[in-house]
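File shown here: data01.tsv, holding TSV, C-alpha atoms and all ligand atoms.
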chain	number	residue	atom	x	y	z
X	1	MET	CA	14.98	-4.83	-18.77
X	2	LYS	CA	14.35	-1.10	-18.65
X	3	LEU	CA	12.60	-0.04	-15.47
X	4	ALA	CA	11.20	3.40	-14.66
X	5	ILE	CA	10.07	4.68	-11.27
X	6	VAL	CA	7.66	7.58	-11.68
X	7	GLY	CA	7.61	9.55	-8.41
X	8	VAL	CA	11.14	8.43	-7.58
X	9	THR	CA	11.82	11.40	-5.25
X	10	GLY	CA	8.81	10.63	-3.02
X	11	LEU	CA	8.49	8.49	0.10
X	12	VAL	CA	7.22	5.44	-1.79
X	13	GLY	CA	9.58	6.00	-4.74
X	14	SER	CA	12.65	5.95	-2.51
X	15	LYS	CA	11.43	2.76	-0.79
X	16	ILE	CA	11.00	1.16	-4.22
X	17	ILE	CA	14.65	1.90	-5.03
X	18	SER	CA	15.91	0.29	-1.83
X	19	LEU	CA	13.68	-2.76	-2.35
X	20	LEU	CA	14.84	-3.29	-5.92
X	21	GLU	CA	18.41	-3.17	-4.58
X	22	GLN	CA	17.73	-5.51	-1.67
X	23	ARG	CA	15.87	-8.04	-3.83
X	24	ASN	CA	18.58	-7.93	-6.54
X	25	PHE	CA	16.06	-7.05	-9.24
X	26	GLU	CA	18.21	-7.12	-12.37
X	27	ILE	CA	17.88	-4.03	-14.55
X	28	ASP	CA	19.76	-3.05	-17.70
X	29	GLU	CA	18.54	0.52	-17.71
X	30	PHE	CA	17.16	2.48	-14.75
X	31	ILE	CA	14.93	5.49	-15.49
X	32	PRO	CA	14.17	7.72	-12.47
X	33	VAL	CA	11.20	10.01	-13.11
X	34	ALA	CA	9.61	12.85	-11.14
X	35	SER	CA	7.90	16.19	-11.72
X	36	GLU	CA	9.54	18.97	-13.71
X	37	ASN	CA	10.72	20.48	-10.37
X	38	SER	CA	13.09	17.55	-9.85
X	39	VAL	CA	14.47	17.08	-13.35
X	40	GLY	CA	18.28	16.89	-13.18
X	41	LYS	CA	18.36	15.95	-9.46
X	42	GLN	CA	20.55	12.94	-8.67
X	43	VAL	CA	19.26	9.69	-7.21
X	44	ASN	CA	21.40	6.63	-6.47
X	45	PHE	CA	20.57	3.11	-7.56
X	46	ASN	CA	22.98	0.26	-6.74
X	47	SER	CA	25.51	2.93	-5.68
X	48	LYS	CA	25.44	4.62	-9.11
X	49	PRO	CA	24.13	8.18	-9.55
X	50	TYR	CA	21.29	8.78	-12.07
X	51	SER	CA	19.69	12.07	-13.18
X	52	VAL	CA	15.95	12.38	-12.74
X	53	VAL	CA	14.06	12.86	-16.01
X	54	GLY	CA	10.57	14.19	-16.77
X	55	VAL	CA	7.65	12.04	-17.86
X	56	GLU	CA	7.87	12.82	-21.59
X	57	LYS	CA	11.53	11.85	-21.74
X	58	ALA	CA	10.78	8.63	-19.84
X	59	ILE	CA	8.09	7.62	-22.36
X	60	GLU	CA	10.56	8.16	-25.20
X	61	LEU	CA	12.99	5.78	-23.46
X	62	LYS	CA	10.32	3.01	-23.72
X	63	PRO	CA	10.64	1.22	-20.35
X	64	ASP	CA	9.45	-2.40	-20.09
X	65	ILE	CA	8.02	-1.78	-16.61
X	66	ALA	CA	7.11	1.53	-14.94
X	67	ILE	CA	6.24	1.63	-11.25
X	68	PHE	CA	4.15	4.74	-10.62
X	69	SER	CA	3.91	6.43	-7.21
X	70	ALA	CA	3.19	10.01	-8.22
X	71	GLY	CA	-0.46	10.43	-7.24
X	72	SER	CA	-3.71	9.79	-9.11
X	73	GLU	CA	-3.59	12.82	-11.37
X	74	ALA	CA	-0.22	11.85	-12.85
X	75	SER	CA	-1.32	8.21	-13.16
X	76	LEU	CA	-4.53	9.05	-15.00
X	77	LYS	CA	-2.66	11.31	-17.38
X	78	TYR	CA	0.52	9.34	-18.02
X	79	ALA	CA	-0.07	5.62	-17.34
X	80	PRO	CA	-2.00	5.13	-20.63
X	81	LEU	CA	0.82	6.88	-22.53
X	82	PHE	CA	3.41	4.48	-21.08
X	83	ALA	CA	1.08	1.51	-21.69
X	84	SER	CA	0.52	2.47	-25.32
X	85	GLU	CA	4.29	2.18	-25.83
X	86	GLY	CA	4.15	-1.44	-24.63
X	87	CYS	CA	5.15	-0.74	-21.03
X	88	TYR	CA	3.65	-2.61	-18.05
X	89	VAL	CA	2.55	0.06	-15.57
X	90	ILE	CA	2.20	-0.86	-11.89
X	91	ASP	CA	0.30	1.98	-10.27
X	92	ASN	CA	0.37	2.82	-6.57
X	93	SER	CA	-2.31	5.51	-6.73
X	94	SER	CA	-6.06	4.99	-6.51
X	95	ALA	CA	-6.58	6.07	-10.15
X	96	TRP	CA	-7.25	2.64	-11.68
X	97	ARG	CA	-8.13	0.44	-8.74
X	98	MET	CA	-11.88	0.29	-9.26
X	99	ASP	CA	-11.73	0.32	-13.07
X	100	GLU	CA	-13.38	-2.95	-14.09
X	101	THR	CA	-10.87	-3.45	-16.89
X	102	LYS	CA	-7.89	-3.27	-14.52
X	103	LYS	CA	-6.65	-5.96	-12.12
X	104	LEU	CA	-6.17	-5.03	-8.47
X	105	VAL	CA	-3.34	-7.25	-7.32
X	106	ILE	CA	-1.87	-8.54	-4.07
X	107	PRO	CA	0.59	-11.15	-5.39
X	108	GLU	CA	0.07	-13.62	-2.50
X	109	ILE	CA	-3.67	-13.62	-3.28
X	110	ASN	CA	-4.33	-13.07	-6.98
X	111	ALA	CA	-1.21	-12.55	-9.15
X	112	ASN	CA	-2.42	-15.51	-11.19
X	113	LEU	CA	-5.10	-13.23	-12.71
X	114	LEU	CA	-2.43	-11.31	-14.64
X	115	SER	CA	-1.92	-11.84	-18.36
X	116	LYS	CA	0.19	-10.15	-21.02
X	117	ASP	CA	-2.78	-7.92	-21.88
X	118	ASP	CA	-2.80	-6.24	-18.44
X	119	ARG	CA	-0.74	-3.16	-19.26
X	120	ILE	CA	-1.95	-1.07	-16.31
X	121	ILE	CA	-2.05	-2.99	-13.03
X	122	ALA	CA	-3.34	-1.39	-9.86
X	123	ASN	CA	-1.65	-1.76	-6.48
X	124	PRO	CA	-4.30	-1.69	-3.73
X	125	ASN	CA	-4.45	0.86	-0.94
X	126	CYS	CA	-1.96	0.25	1.89
X	127	SER	CA	-4.63	-0.43	4.53
X	128	THR	CA	-6.38	-2.91	2.23
X	129	ILE	CA	-3.21	-4.85	1.41
X	130	GLN	CA	-2.20	-5.56	5.00
X	131	MET	CA	-5.75	-6.43	6.04
X	132	LEU	CA	-6.30	-8.88	3.18
X	133	ILE	CA	-3.03	-10.74	3.70
X	134	ALA	CA	-4.65	-11.86	6.97
X	135	LEU	CA	-8.25	-12.12	5.78
X	136	ALA	CA	-7.91	-13.89	2.40
X	137	PRO	CA	-7.19	-17.31	3.98
X	138	LEU	CA	-10.19	-16.86	6.31
X	139	GLN	CA	-12.43	-15.99	3.37
X	140	GLU	CA	-11.23	-19.14	1.63
X	141	LYS	CA	-11.83	-21.47	4.57
X	142	TYR	CA	-14.89	-19.99	6.30
X	143	GLY	CA	-16.32	-17.18	4.13
X	144	ILE	CA	-16.59	-13.68	5.58
X	145	GLU	CA	-19.98	-12.29	6.55
X	146	ARG	CA	-19.01	-8.86	7.96
X	147	LEU	CA	-15.99	-6.71	8.79
X	148	VAL	CA	-15.80	-3.85	11.29
X	149	ILE	CA	-12.47	-2.07	10.82
X	150	SER	CA	-10.78	0.76	12.73
X	151	THR	CA	-7.42	1.96	11.45
X	152	TYR	CA	-4.60	3.85	13.17
X	153	GLN	CA	-2.66	5.15	10.18
X	154	SER	CA	0.90	6.40	10.02
X	155	ILE	CA	1.61	9.92	8.80
X	156	THR	CA	3.96	8.41	6.18
X	157	GLY	CA	0.77	7.40	4.35
X	158	THR	CA	0.27	11.04	3.39
X	159	GLY	CA	3.73	11.52	1.84
X	160	ILE	CA	6.73	13.72	2.53
X	161	LYS	CA	4.67	16.83	3.32
X	162	ALA	CA	3.04	15.11	6.31
X	163	VAL	CA	6.35	13.91	7.72
X	164	LYS	CA	7.66	17.48	7.45
X	165	GLN	CA	4.53	18.81	9.19
X	166	MET	CA	5.00	16.52	12.19
X	167	ASN	CA	8.73	17.20	12.43
X	168	ASN	CA	8.05	20.95	12.27
X	169	GLU	CA	5.45	20.64	15.04
X	170	ARG	CA	7.91	18.68	17.21
X	171	ASN	CA	10.55	21.37	16.68
X	172	GLU	CA	8.07	24.28	17.05
X	173	LEU	CA	8.74	25.47	13.48
X	174	ASP	CA	6.24	26.87	10.96
X	175	GLY	CA	5.81	25.29	7.52
X	176	GLU	CA	3.46	23.75	4.96
X	177	LYS	CA	0.70	21.55	6.36
X	178	ALA	CA	-0.59	18.23	5.02
X	179	TYR	CA	-3.47	18.08	7.53
X	180	PRO	CA	-6.01	20.69	8.62
X	181	TYR	CA	-4.99	20.19	12.27
X	182	GLN	CA	-1.87	19.59	14.31
X	183	ILE	CA	-0.99	15.90	14.03
X	184	ASP	CA	1.67	15.65	16.74
X	185	LYS	CA	0.12	14.62	20.09
X	186	ASN	CA	-3.20	14.23	18.27
X	187	CYS	CA	-5.43	11.77	16.36
X	188	ILE	CA	-7.34	12.96	13.31
X	189	PRO	CA	-10.43	10.87	12.41
X	190	GLN	CA	-10.10	11.76	8.75
X	191	CYS	CA	-7.86	10.02	6.20
X	192	ASP	CA	-8.34	11.58	2.75
X	193	ILE	CA	-11.46	13.59	1.87
X	194	PHE	CA	-15.07	12.94	2.83
X	195	THR	CA	-17.46	11.35	0.33
X	196	GLU	CA	-21.20	11.96	0.02
X	197	ASN	CA	-22.14	9.12	2.40
X	198	GLY	CA	-20.16	10.64	5.31
X	199	TYR	CA	-17.32	8.10	5.02
X	200	THR	CA	-13.86	9.21	3.88
X	201	LYS	CA	-12.33	8.00	0.61
X	202	GLU	CA	-9.86	5.91	2.62
X	203	GLU	CA	-12.72	4.17	4.42
X	204	MET	CA	-14.53	3.47	1.15
X	205	LYS	CA	-11.30	2.09	-0.36
X	206	LEU	CA	-11.30	-0.55	2.39
X	207	VAL	CA	-14.87	-1.45	1.46
X	208	ASN	CA	-14.63	-1.45	-2.33
X	209	GLU	CA	-11.11	-2.81	-2.81
X	210	THR	CA	-11.75	-5.68	-0.37
X	211	ARG	CA	-14.82	-6.77	-2.30
X	212	LYS	CA	-12.97	-6.57	-5.62
X	213	ILE	CA	-9.88	-8.52	-4.47
X	214	LEU	CA	-11.84	-11.19	-2.60
X	215	ASN	CA	-14.26	-11.28	-5.53
X	216	ASP	CA	-17.26	-11.08	-3.21
X	217	ASN	CA	-19.66	-8.14	-3.32
X	218	GLU	CA	-21.78	-9.57	-0.50
X	219	ILE	CA	-19.29	-8.99	2.34
X	220	LYS	CA	-20.67	-6.36	4.71
X	221	ILE	CA	-17.94	-3.88	5.61
X	222	THR	CA	-17.78	-0.74	7.71
X	223	ALA	CA	-14.61	1.22	8.49
X	224	THR	CA	-13.28	4.20	10.43
X	225	ALA	CA	-9.82	5.43	9.39
X	226	VAL	CA	-7.81	7.56	11.80
X	227	ARG	CA	-4.48	9.33	11.29
X	228	VAL	CA	-2.10	9.01	14.26
X	229	PRO	CA	1.32	10.61	14.91
X	230	VAL	CA	3.23	7.42	14.15
X	231	VAL	CA	5.84	6.63	11.51
X	232	GLY	CA	6.54	2.85	11.35
X	233	GLY	CA	3.32	1.60	9.80
X	234	HIS	CA	-0.45	1.34	9.91
X	235	SER	CA	-2.31	-0.60	12.62
X	236	GLU	CA	-5.82	-2.00	12.24
X	237	SER	CA	-8.33	-3.36	14.68
X	238	ILE	CA	-10.46	-5.82	12.71
X	239	ASN	CA	-13.59	-7.57	13.88
X	240	VAL	CA	-14.35	-10.30	11.37
X	241	GLU	CA	-17.60	-12.24	11.46
X	242	LEU	CA	-17.18	-15.53	9.65
X	243	LYS	CA	-19.94	-17.48	7.90
X	244	THR	CA	-19.35	-20.58	10.01
X	245	ASP	CA	-18.19	-21.46	13.53
X	246	TYR	CA	-14.47	-21.68	14.04
X	247	GLU	CA	-11.84	-22.83	16.53
X	248	LEU	CA	-9.22	-20.28	17.55
X	249	SER	CA	-6.55	-23.02	17.26
X	250	ASP	CA	-7.46	-23.47	13.57
X	251	ILE	CA	-7.11	-19.73	12.91
X	252	ILE	CA	-3.70	-19.76	14.63
X	253	ASN	CA	-2.68	-22.68	12.45
X	254	ILE	CA	-3.86	-20.90	9.29
X	255	PHE	CA	-1.98	-17.71	10.20
X	256	GLN	CA	1.19	-19.66	11.01
X	257	ASN	CA	1.06	-21.07	7.49
X	258	THR	CA	0.16	-17.91	5.55
X	259	GLU	CA	2.86	-16.51	3.28
X	260	ASN	CA	4.36	-13.19	4.47
X	261	LEU	CA	2.14	-13.11	7.58
X	262	ILE	CA	3.80	-13.29	11.01
X	263	LEU	CA	1.80	-14.18	14.10
X	264	LEU	CA	2.92	-12.22	17.19
X	265	ASP	CA	0.44	-13.25	19.82
X	266	ASP	CA	1.62	-14.06	23.34
X	267	ILE	CA	-0.29	-11.94	25.81
X	268	GLN	CA	1.37	-13.61	28.85
X	269	ASN	CA	4.56	-11.88	27.72
X	270	ASN	CA	2.90	-8.74	26.30
X	271	ILE	CA	3.74	-9.78	22.74
X	272	TYR	CA	1.64	-8.26	19.96
X	273	PRO	CA	2.45	-6.36	16.73
X	274	MET	CA	3.36	-2.66	16.84
X	275	PRO	CA	4.45	-0.20	14.13
X	276	ILE	CA	7.83	0.23	15.80
X	277	GLN	CA	8.63	-3.42	14.97
X	278	ALA	CA	6.94	-3.48	11.56
X	279	ASN	CA	8.98	-0.49	10.38
X	280	ASP	CA	11.04	-1.36	7.29
X	281	LYS	CA	9.79	-4.97	7.19
X	282	ASP	CA	8.06	-6.56	4.23
X	283	GLU	CA	5.73	-8.80	6.22
X	284	VAL	CA	2.32	-8.22	7.77
X	285	PHE	CA	2.03	-8.88	11.52
X	286	VAL	CA	-1.07	-10.15	13.31
X	287	GLY	CA	-1.89	-10.60	16.99
X	288	ARG	CA	-4.42	-10.00	19.81
X	289	LEU	CA	-6.46	-12.88	18.38
X	290	ARG	CA	-9.53	-13.50	20.48
X	291	LYS	CA	-13.06	-14.75	20.13
X	292	ASP	CA	-15.61	-11.98	20.12
X	293	PHE	CA	-17.74	-12.99	23.11
X	294	SER	CA	-20.59	-10.78	21.84
X	295	CYS	CA	-20.90	-12.67	18.54
X	296	PRO	CA	-20.16	-16.43	18.31
X	297	LYS	CA	-18.80	-16.51	14.76
X	298	ALA	CA	-16.69	-13.37	15.11
X	299	LEU	CA	-12.98	-12.92	15.81
X	300	ASN	CA	-10.99	-9.85	16.89
X	301	MET	CA	-7.52	-9.23	15.55
X	302	TRP	CA	-4.86	-6.52	15.33
X	303	VAL	CA	-2.93	-6.21	12.07
X	304	VAL	CA	0.19	-4.06	11.59
X	305	SER	CA	2.45	-3.48	8.59
X	306	ASP	CA	4.82	-0.86	7.19
X	307	ASN	CA	2.55	1.06	4.80
X	308	LEU	CA	5.51	2.18	2.69
X	309	ARG	CA	6.76	-1.43	2.30
X	310	LYS	CA	4.05	-4.11	1.93
X	311	GLY	CA	1.43	-1.35	1.71
X	312	ALA	CA	3.08	0.17	-1.37
X	313	ALA	CA	6.68	-0.50	-2.50
X	314	THR	CA	7.01	-4.21	-1.67
X	315	ASN	CA	3.67	-5.11	-3.21
X	316	ALA	CA	4.55	-3.17	-6.39
X	317	VAL	CA	8.00	-4.75	-6.65
X	318	GLN	CA	6.48	-8.22	-6.14
X	319	ILE	CA	4.14	-7.49	-9.08
X	320	ALA	CA	7.15	-6.37	-11.15
X	321	GLU	CA	8.95	-9.60	-10.24
X	322	TYR	CA	5.90	-11.60	-11.31
X	323	ILE	CA	5.68	-9.79	-14.64
X	324	LYS	CA	9.39	-10.27	-15.25
X	325	ALA	CA	9.24	-13.98	-14.42
X	326	ASN	CA	5.93	-14.92	-16.03
X	327	ILE	CA	4.86	-12.39	-18.66
X	328	LEU	CA	7.74	-10.55	-20.32
X	401	LIG	N1	2.69	6.75	1.42
X	401	LIG	C1	2.01	5.62	1.43
X	401	LIG	O1	1.91	4.87	2.42
X	401	LIG	C2	1.35	5.15	0.20
X	401	LIG	C3	0.85	3.86	0.19
X	401	LIG	C4	0.22	3.42	-0.95
X	401	LIG	C5	0.13	4.24	-2.03
X	401	LIG	N2	0.62	5.50	-2.00
X	401	LIG	C6	0.47	6.32	-3.18
X	401	LIG	O2	1.74	6.52	-3.80
X	401	LIG	C7	1.75	7.81	-4.40
X	401	LIG	C8	2.94	8.60	-3.89
X	401	LIG	O3	2.92	8.67	-2.47
X	401	LIG	P1	4.16	9.24	-1.62
X	401	LIG	O4	3.77	9.04	-0.21
X	401	LIG	O5	5.46	8.69	-2.11
X	401	LIG	O6	4.08	10.82	-2.03
X	401	LIG	P2	5.20	11.94	-1.99
X	401	LIG	O7	6.23	11.61	-0.98
X	401	LIG	O8	4.48	13.21	-1.89
X	401	LIG	O9	5.91	11.83	-3.46
X	401	LIG	C9	5.23	12.14	-4.67
X	401	LIG	C10	6.14	11.83	-5.85
X	401	LIG	O10	5.40	12.03	-7.07
X	401	LIG	C11	6.12	12.91	-7.92
X	401	LIG	N3	5.19	13.64	-8.79
X	401	LIG	C12	4.17	14.44	-8.42
X	401	LIG	N4	3.53	14.91	-9.52
X	401	LIG	C13	4.16	14.40	-10.59
X	401	LIG	C14	3.99	14.53	-11.99
X	401	LIG	N5	3.02	15.27	-12.51
X	401	LIG	N6	4.81	13.84	-12.81
X	401	LIG	C15	5.82	13.09	-12.31
X	401	LIG	N7	6.05	12.93	-10.98
X	401	LIG	C16	5.22	13.58	-10.13
X	401	LIG	C17	6.88	13.81	-6.97
X	401	LIG	O11	7.94	14.44	-7.66
X	401	LIG	P3	8.61	15.82	-7.10
X	401	LIG	O12	9.52	15.43	-5.98
X	401	LIG	O13	9.34	16.31	-8.28
X	401	LIG	O14	7.49	16.70	-6.67
X	401	LIG	C18	7.36	12.75	-5.96
X	401	LIG	O15	8.44	12.02	-6.50
X	401	LIG	C19	0.39	8.43	-4.10
X	401	LIG	O16	-0.48	8.14	-5.18
X	401	LIG	C20	-0.06	7.69	-2.89
X	401	LIG	O17	-1.46	7.68	-2.77
X	401	LIG	C21	1.26	5.98	-0.91
Using structure tokens, write down the structure from this file.
Amino acid sequence: MKLAIVGVTGLVGSKIISLLEQRNFEIDEFIPVASENSVGKQVNFNSKPYSVVGVEKAIELKPDIAIFSAGSEASLKYAPLFASEGCYVIDNSSAWRMDETKKLVIPEINANLLSKDDRIIANPNCSTIQMLIALAPLQEKYGIERLVISTYQSITGTGIKAVKQMNNERNELDGEKAYPYQIDKNCIPQCDIFTENGYTKEEMKLVNETRKILNDNEIKITATAVRVPVVGGHSESINVELKTDYELSDIINIFQNTENLILLDDIQNNIYPMPIQANDKDEVFVGRLRKDFSCPKALNMWVVSDNLRKGAATNAVQIAEYIKANIL
């Protein structure tokens, strides 16, 4: 098993390393890859130092699996080159997600779609992954009519540059900026760039990726994505209108029995999910469950998860584990 991480020096790349270590993913050869700026830098894997290589060198080494977290441009350019050498590419960027020939995979929901012919596999957007861990069982039991989503997204979702920007602001230092405005002590109602319809790309990812993964183009979805000065994970307020009536006790029962979903919902004791608890955890947390008294078939919920873990690294490593166990 030769495994490459492309984007190994980034926020997601370094989480992938620690997850592979924690989950005892057995590797014969580890290939750390980043941009030309990082070639020769040392990274540690299982307490052993490795030198970062460039993309061309990594392709020559013919990895069995390459987990990409180096942005869309690098994925579009290099993923097909890795794939043509027989490598399974798991891509964290948005480059391939809406390509009809590529599978968009959350292992708990649809890993069974994967076959040996799927050489480039797309990891969904972080906000989509955590939301669908909670929503997929509701779609299965009741059907979903409409979703109204508001996100409160961690700065770690924008990469190392954003974390540096906030730390600089907190320490009153100048430096490169990831956002057009100060993020510390602020909320920015813009995640990613605006599209022609007035929504941001991040908002449209929630719409399009949800429909693709749940295999249902009829679900009505509207979203507002907001960047907040938080590090532990993304939070989402979700209003879900189901196709049929429901009992809150049944939803609680479903959530208690959903893989990798943890229900934290005890308002008497002020218990609900928060990014500070989700930080560095692999699970998705759900709480603040309540009937929407303005719409009989609708339910309100609050979903939190570490965007660097289940939103990116954990999901990608789970796909790698599936490929290793079922396809290679
Ligand atoms: N952060 C999140 O929550 C999250 C969640 C889901 C998906 N993603 C996606 O994951 C990707 C990486 O995100 P991040 O937050 O880890 O970003 P980041 O901290 O900025 O790291 C980017 C990584 O990509 C490498 N890279 C850039 N251009 C490259 C090239 N041409 N060839 C090889 N390596 C290259 C960088 O190498 P150098 O250090 O050498 O520049 C670095 O290792 C993005 O596509 C992002 O959309 C992020």
d(atom CA of Gly40 of chain X, atom O11 of ligand LIG 401 (chain X)) in Å: 12.0 Å
Per residue of chain X within 7 Å of ligand LIG 401 (chain X), what are the shortest atom pair and its distance in Å to one decimal, counting all atoms listed in the file, with rows by chain and residue number, as a tab-separated table?
residue	atom	partner	partner_atom	distance
X:Val6	CA	X:LIG401	N7	5.6
X:Gly7	CA	X:LIG401	O15	3.2
X:Val8	CA	X:LIG401	O15	4.6
X:Thr9	CA	X:LIG401	O15	3.7
X:Gly10	CA	X:LIG401	O9	3.2
X:Leu11	CA	X:LIG401	O5	3.8
X:Val12	CA	X:LIG401	O5	3.7
X:Gly13	CA	X:LIG401	O5	5.6
X:Val33	CA	X:LIG401	C15	6.3
X:Ala34	CA	X:LIG401	N7	3.6
X:Ser35	CA	X:LIG401	O13	3.7
X:Glu36	CA	X:LIG401	O13	6.0
X:Asn37	CA	X:LIG401	O13	4.9
X:Ser38	CA	X:LIG401	O13	4.3
X:Gly54	CA	X:LIG401	C15	6.6
X:Val55	CA	X:LIG401	C15	5.9
X:Ser69	CA	X:LIG401	C7	3.8
X:Ala70	CA	X:LIG401	O10	3.2
X:Gly71	CA	X:LIG401	O16	3.1
X:Ser72	CA	X:LIG401	O16	5.3
X:Ala74	CA	X:LIG401	N5	4.7
X:Asn92	CA	X:LIG401	C5	4.8
X:Ser93	CA	X:LIG401	O16	3.6
X:Ser94	CA	X:LIG401	O17	6.5
X:Asn125	CA	X:LIG401	C4	5.3
X:Cys126	CA	X:LIG401	C4	4.8
X:Thr156	CA	X:LIG401	N1	5.2
X:Gly157	CA	X:LIG401	O1	3.4
X:Thr158	CA	X:LIG401	N1	5.3
X:Gly159	CA	X:LIG401	O4	3.2
X:Ile160	CA	X:LIG401	O7	4.1
X:Lys161	CA	X:LIG401	O8	6.3
X:Asn307	CA	X:LIG401	O1	4.5
X:Leu308	CA	X:LIG401	O1	4.5
X:Gly311	CA	X:LIG401	C3	5.5
X:Ala312	CA	X:LIG401	C4	4.3
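When only C-alpha atoms are used to compute distances to Glu145 of chain X, the closest of the residues X:Arg211, X:Arg23, X:Lys48, X:Arg288 turns out to be X:Arg211.
A straight line drawn from atom CA of Ser14 of chain X to atom CA of Phe45 of chain X is 9.8 Å long.
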Within-12 Å shell of (-25.7, -10.6, 0.8) in input frame, all atoms listed in the file, as an MDAnalysis selection string: chainID X and resid 143:146 211 216:221 243
Point (1.2, 22.2, 3.9) neighbourhood (12 Å, all atoms listed in the file) written as a list of chain:residue names: X:Thr158, X:Gly159, X:Ile160, X:Lys161, X:Ala162, X:Val163, X:Lys164, X:Gln165, X:Met166, X:Asn168, X:Asp174, X:Gly175, X:Glu176, X:Lys177, X:Ala178, X:Tyr179, X:Pro180, X:Tyr181, X:Gln182
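Minimum distance to Ala313 of chain X across X:Lys291, X:Lys297, X:Lys15, X:Lys2 (counting all atoms listed in the file) occurs at X:Lys15.
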I'd like the contact shell of segment 269-285 of chain X - 10 Å cut-off, only C-alpha atoms, skipping same-chain residues fewer than 2 positions apart - returned as a PDB file with C-alpha atoms, in the frame of the given file.
ATOM      1  CA  LYS X  15      11.430   2.760  -0.790  1.00  0.00           C
ATOM      2  CA  LEU X  19      13.680  -2.760  -2.350  1.00  0.00           C
ATOM      3  CA  ILE X 129      -3.210  -4.850   1.410  1.00  0.00           C
ATOM      4  CA  GLN X 130      -2.200  -5.560   5.000  1.00  0.00           C
ATOM      5  CA  MET X 131      -5.750  -6.430   6.040  1.00  0.00           C
ATOM      6  CA  LEU X 132      -6.300  -8.880   3.180  1.00  0.00           C
ATOM      7  CA  ILE X 133      -3.030 -10.740   3.700  1.00  0.00           C
ATOM      8  CA  ALA X 134      -4.650 -11.860   6.970  1.00  0.00           C
ATOM      9  CA  TYR X 152      -4.600   3.850  13.170  1.00  0.00           C
ATOM     10  CA  GLN X 153      -2.660   5.150  10.180  1.00  0.00           C
ATOM     11  CA  SER X 154       0.900   6.400  10.020  1.00  0.00           C
ATOM     12  CA  VAL X 230       3.230   7.420  14.150  1.00  0.00           C
ATOM     13  CA  VAL X 231       5.840   6.630  11.510  1.00  0.00           C
ATOM     14  CA  GLY X 232       6.540   2.850  11.350  1.00  0.00           C
ATOM     15  CA  GLY X 233       3.320   1.600   9.800  1.00  0.00           C
ATOM     16  CA  HIS X 234      -0.450   1.340   9.910  1.00  0.00           C
ATOM     17  CA  SER X 235      -2.310  -0.600  12.620  1.00  0.00           C
ATOM     18  CA  PHE X 255      -1.980 -17.710  10.200  1.00  0.00           C
ATOM     19  CA  GLU X 259       2.860 -16.510   3.280  1.00  0.00           C
ATOM     20  CA  ASN X 260       4.360 -13.190   4.470  1.00  0.00           C
ATOM     21  CA  LEU X 261       2.140 -13.110   7.580  1.00  0.00           C
ATOM     22  CA  ILE X 262       3.800 -13.290  11.010  1.00  0.00           C
ATOM     23  CA  LEU X 263       1.800 -14.180  14.100  1.00  0.00           C
ATOM     24  CA  LEU X 264       2.920 -12.220  17.190  1.00  0.00           C
ATOM     25  CA  ASP X 265       0.440 -13.250  19.820  1.00  0.00           C
ATOM     26  CA  ASP X 266       1.620 -14.060  23.340  1.00  0.00           C
ATOM     27  CA  ILE X 267      -0.290 -11.940  25.810  1.00  0.00           C
ATOM     28  CA  GLY X 287      -1.890 -10.600  16.990  1.00  0.00           C
ATOM     29  CA  ARG X 288      -4.420 -10.000  19.810  1.00  0.00           C
ATOM     30  CA  LEU X 289      -6.460 -12.880  18.380  1.00  0.00           C
ATOM     31  CA  TRP X 302      -4.860  -6.520  15.330  1.00  0.00           C
ATOM     32  CA  VAL X 303      -2.930  -6.210  12.070  1.00  0.00           C
ATOM     33  CA  VAL X 304       0.190  -4.060  11.590  1.00  0.00           C
ATOM     34  CA  SER X 305       2.450  -3.480   8.590  1.00  0.00           C
ATOM     35  CA  ASP X 306       4.820  -0.860   7.190  1.00  0.00           C
ATOM     36  CA  ASN X 307       2.550   1.060   4.800  1.00  0.00           C
ATOM     37  CA  LEU X 308       5.510   2.180   2.690  1.00  0.00           C
ATOM     38  CA  ARG X 309       6.760  -1.430   2.300  1.00  0.00           C
ATOM     39  CA  LYS X 310       4.050  -4.110   1.930  1.00  0.00           C
ATOM     40  CA  GLY X 311       1.430  -1.350   1.710  1.00  0.00           C
ATOM     41  CA  ALA X 313       6.680  -0.500  -2.500  1.00  0.00           C
ATOM     42  CA  THR X 314       7.010  -4.210  -1.670  1.00  0.00           C
ATOM     43  CA  ASN X 315       3.670  -5.110  -3.210  1.00  0.00           C
TER      44      ASN X 315
END
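Between atom CA of Gln190 of chain X and atom CA of Ile16 of chain X lies a distance of 26.9 Å.
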Write out as an mmCIF file with C-alpha atoms, in the frame of the given file each polymer residue whose atoms come within 8 Å of Tyr246 of chain X, counting all atoms listed in the file; drop sequence neighbours fewer than 2 positions from it.
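Now in part-v9.cif:
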data_model
loop_
_atom_site.group_PDB
_atom_site.id
_atom_site.type_symbol
_atom_site.label_atom_id
_atom_site.label_comp_id
_atom_site.auth_asym_id
_atom_site.auth_seq_id
_atom_site.Cartn_x
_atom_site.Cartn_y
_atom_site.Cartn_z
ATOM 1 C CA TYR X 142 -14.890 -19.990 6.300
ATOM 2 C CA THR X 244 -19.350 -20.580 10.010
ATOM 3 C CA LEU X 248 -9.220 -20.280 17.550
ATOM 4 C CA ASP X 250 -7.460 -23.470 13.570
ATOM 5 C CA ILE X 251 -7.110 -19.730 12.910
ATOM 6 C CA LYS X 297 -18.800 -16.510 14.760
#
Near-Glu321 of chain X list (12 Å; only C-alpha atoms; drop same-chain fewer than 2 positions) as an MDAnalysis selection string: chainID X and resid 1 3 19:20 23:27 65 67 88 90 107 111 314:319 323:328
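Considering all atoms listed in the file, the residue among X:Ile155, X:Phe293, X:Leu173, X:Asn167 positioned nearest to Cys187 of chain X is X:Ile155.
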